Each structure stands twice: as C-alpha cells, then as structure tokens.
$ cat final31.pdb   # PDB, C-alpha atoms
ATOM      1  CA  MET S 185      68.428 237.144 265.743
ATOM      2  CA  GLU S 186      65.433 238.968 267.065
ATOM      3  CA  GLU S 187      64.370 241.418 264.381
ATOM      4  CA  LYS S 188      65.501 242.402 260.930
ATOM      5  CA  GLN S 189      67.063 245.777 260.325
ATOM      6  CA  ASN S 190      65.008 248.300 258.404
ATOM      7  CA  MET S 191      66.530 248.026 254.927
ATOM      8  CA  THR S 192      64.721 250.450 252.615
ATOM      9  CA  GLU S 193      64.451 250.319 248.849
ATOM     10  CA  GLY S 194      66.105 253.746 248.769
ATOM     11  CA  LEU S 195      69.155 252.349 250.559
ATOM     12  CA  VAL S 196      69.293 249.358 248.192
ATOM     13  CA  ASP S 197      69.023 251.732 245.202
ATOM     14  CA  TYR S 198      71.854 253.854 246.628
ATOM     15  CA  LEU S 199      74.068 250.780 247.085
ATOM     16  CA  CYS S 200      73.263 249.647 243.528
ATOM     17  CA  ARG S 201      74.354 253.029 242.158
ATOM     18  CA  LEU S 202      77.605 252.792 244.123
ATOM     19  CA  CYS S 203      78.203 249.303 242.697
ATOM     20  CA  ARG S 204      77.078 250.363 239.226
ATOM     21  CA  ILE S 205      74.496 247.596 238.957
ATOM     22  CA  SER S 206      70.799 247.639 238.216
ATOM     23  CA  LEU S 207      68.204 245.341 239.750
ATOM     24  CA  THR S 208      64.688 244.441 238.757
ATOM     25  CA  PRO S 209      62.005 245.154 241.382
ATOM     26  CA  GLU S 210      62.014 241.441 242.287
ATOM     27  CA  GLU S 211      65.815 241.398 242.677
ATOM     28  CA  CYS S 212      65.625 244.589 244.740
ATOM     29  CA  GLY S 213      63.202 242.900 247.140
ATOM     30  CA  GLU S 214      65.465 239.860 247.450
ATOM     31  CA  MET S 215      68.513 242.056 247.997
ATOM     32  CA  LYS S 216      66.672 244.010 250.675
ATOM     33  CA  GLU S 217      66.043 240.779 252.601
ATOM     34  CA  LYS S 218      69.616 239.509 252.175
ATOM     35  CA  LEU S 219      71.174 242.797 253.268
ATOM     36  CA  ALA S 220      68.902 242.931 256.324
ATOM     37  CA  GLU S 221      70.027 239.411 257.274
ATOM     38  CA  ILE S 222      73.696 240.398 256.898
ATOM     39  CA  VAL S 223      73.262 243.493 259.065
ATOM     40  CA  ASP S 224      71.352 241.467 261.673
ATOM     41  CA  TYR S 225      74.162 238.914 261.775
ATOM     42  CA  MET S 226      76.745 241.666 262.250
ATOM     43  CA  ASP S 227      74.645 243.036 265.132
ATOM     44  CA  CYS S 228      74.605 239.548 266.636
ATOM     45  CA  LEU S 229      78.421 239.446 266.515
ATOM     46  CA  ARG S 230      78.536 242.655 268.572
ATOM     47  CA  THR S 231      77.067 240.753 271.519
ATOM     48  CA  LEU S 232      80.116 238.462 271.754
ATOM     49  CA  PRO S 233      82.456 239.174 274.655
ATOM     50  CA  PRO S 234      85.686 240.968 273.735
ATOM     51  CA  LEU S 235      88.925 239.013 273.493
ATOM     52  CA  GLU S 236      91.202 239.070 276.507
ATOM     53  CA  ASP S 237      94.398 241.089 276.259
ATOM     54  CA  GLY S 238      96.958 239.245 274.157
ATOM     55  CA  ALA S 239      94.357 236.884 272.663
ATOM     56  CA  GLU S 240      94.271 238.334 269.174
ATOM     57  CA  GLY S 241      94.723 234.891 267.686
ATOM     58  CA  ALA S 242      97.357 232.306 267.042
ATOM     59  CA  PRO S 243     100.724 233.542 265.812
ATOM     60  CA  CYS S 244     101.158 233.314 262.081
ATOM     61  CA  PRO S 245     103.555 230.466 261.295
ATOM     62  CA  ALA S 246     104.547 231.942 257.928
ATOM     63  CA  ALA S 247     107.323 234.446 258.491
ATOM     64  CA  LEU S 248     107.540 237.428 256.185
ATOM     65  CA  ARG S 249     110.589 237.787 254.012
ATOM     66  CA  ALA S 250     113.191 240.359 254.931
ATOM     67  CA  ASP S 251     112.657 243.807 253.451
ATOM     68  CA  VAL S 252     115.703 243.968 251.173
ATOM     69  CA  VAL S 253     116.295 246.455 248.385
ATOM     70  CA  GLU S 254     116.765 244.582 245.110
ATOM     71  CA  PRO S 255     117.105 245.784 241.536
ATOM     72  CA  SER S 256     113.797 246.008 239.732
ATOM     73  CA  THR S 257     112.936 245.071 236.175
ATOM     74  CA  GLN S 258     113.734 247.769 233.634
ATOM     75  CA  ALA S 259     110.763 249.512 232.035
ATOM     76  CA  GLU S 260     111.950 248.655 228.520
ATOM     77  CA  GLU S 261     111.939 244.966 229.389
ATOM     78  CA  LEU S 262     108.432 245.178 230.873
ATOM     79  CA  LEU S 263     107.052 247.068 227.864
ATOM     80  CA  ARG S 264     108.615 244.715 225.307
ATOM     81  CA  GLY S 265     105.761 243.134 223.338
ATOM     82  CA  VAL S 266     103.017 245.206 225.001
ATOM     83  CA  PRO S 267     100.508 246.572 222.465
ATOM     84  CA  GLY S 268     100.677 250.368 222.421
ATOM     85  CA  GLY S 269     103.684 250.463 224.719
ATOM     86  CA  ALA S 270     105.564 253.646 223.952
ATOM     87  CA  GLU S 271     107.468 256.117 226.102
ATOM     88  CA  HIS S 272     106.912 254.052 229.264
ATOM     89  CA  THR S 273     103.119 253.919 228.799
ATOM     90  CA  ILE S 274     100.581 251.224 228.036
ATOM     91  CA  LEU S 275      97.433 252.092 226.121
ATOM     92  CA  VAL S 276      94.334 250.355 227.474
ATOM     93  CA  PRO S 277      90.699 250.510 226.375
ATOM     94  CA  ARG S 278      88.484 253.067 228.114
ATOM     95  CA  THR S 279      86.550 251.398 230.900
ATOM     96  CA  MET S 280      84.506 254.264 232.311
ATOM     97  CA  GLU S 281      81.924 256.484 230.697
ATOM     98  CA  GLY S 282      81.661 260.207 231.127
ATOM     99  CA  GLY S 283      84.261 262.865 231.751
ATOM    100  CA  GLY S 284      87.907 262.483 232.371
ATOM    101  CA  ALA S 285      90.732 261.445 230.148
TER     102      ALA S 285
END

$ encode --input "final31.pdb" --output "structure tokens"
Amino acid sequence: MEEKQNMTEGLVDYLCRLCRISLTPEECGEMKEKLAEIVDYMDCLRTLPPLEDGAEGAPCPAALRADVVEPSTQAEELLRGVPGGAEHTILVPRTMEGGGA
C-alpha cells in the first residue's frame, strides 16, 4: 500500500454522528488512522484481476429448502405471555430520542 487516503477529522465526525457514537480527540485520531488503512486496503483489492466468466466461486453444497406455503403461527399464540400484548401489539420501551411516536 503506497499512501494512506486523506481521512479528515470532519469525515470521522460525520461517521460518528451516523453511528451515534462520540469519540475523544485521541480516539478520533486513532479512528482516522484505522479508517485510512481500511480504505487503502480496499483500494489495493481493486488492483486484483477480475474473475473469469463462470468463476464466481465454488457451488454452495447446502441446498435451499423448497419454497412451500405452510400455515403460520396464530397471533394469539405468539402474544400469549408477552408483557403489554394486546390487540396484536407488543409494547416495547422507547429506544430513540426526539420526535416520532
């Protein structure tokens, strides 16, 4: 790998916001280096020659099951014993802040 990609603190901050994490300045510096190494490695993979036609890989030995319509479990049975289960709903704790229901 010749040179590291230009990974800016702004880009790391943007990725942290997307992931909903916060980093200390030291962690941000470490993350910048790690992300640059990952991007450099991906660039290195681009230099590999393409696969020949029909060489996508070995066939998968595990066959998929047949797509057969079968009866499903009734909602009442699934909701039996579920806390807050009423009228085909399950009440769960709020996991996100801000707007919305």

$ atom_distance --input "final31.pdb" --atom1 "atom CA of S:Gly213" --atom2 "atom CA of S:Arg230"
26.4 Å

$ closest_residue --input "final31.pdb" --among "S:Pro233, S:Arg249, S:Leu202, S:Asn190" --to "S:Ala220" --atoms "only C-alpha atoms"
S:Asn190

$ atom_distance --input "final31.pdb" --atom1 "atom CA of S:Arg201" --atom2 "atom CA of S:Glu281"
14.2 Å

$ atom_distance --input "final31.pdb" --atom1 "atom CA of S:Lys216" --atom2 "atom CA of S:Tyr198"
11.8 Å

$ resolve_selection --input "final31.pdb" --expression "the PyMOL selection byres ((chain S and resi 196) around 10)" --output "ChimeraX atom specification"
/S:191-195,197-202,207,212-213,215-216,219
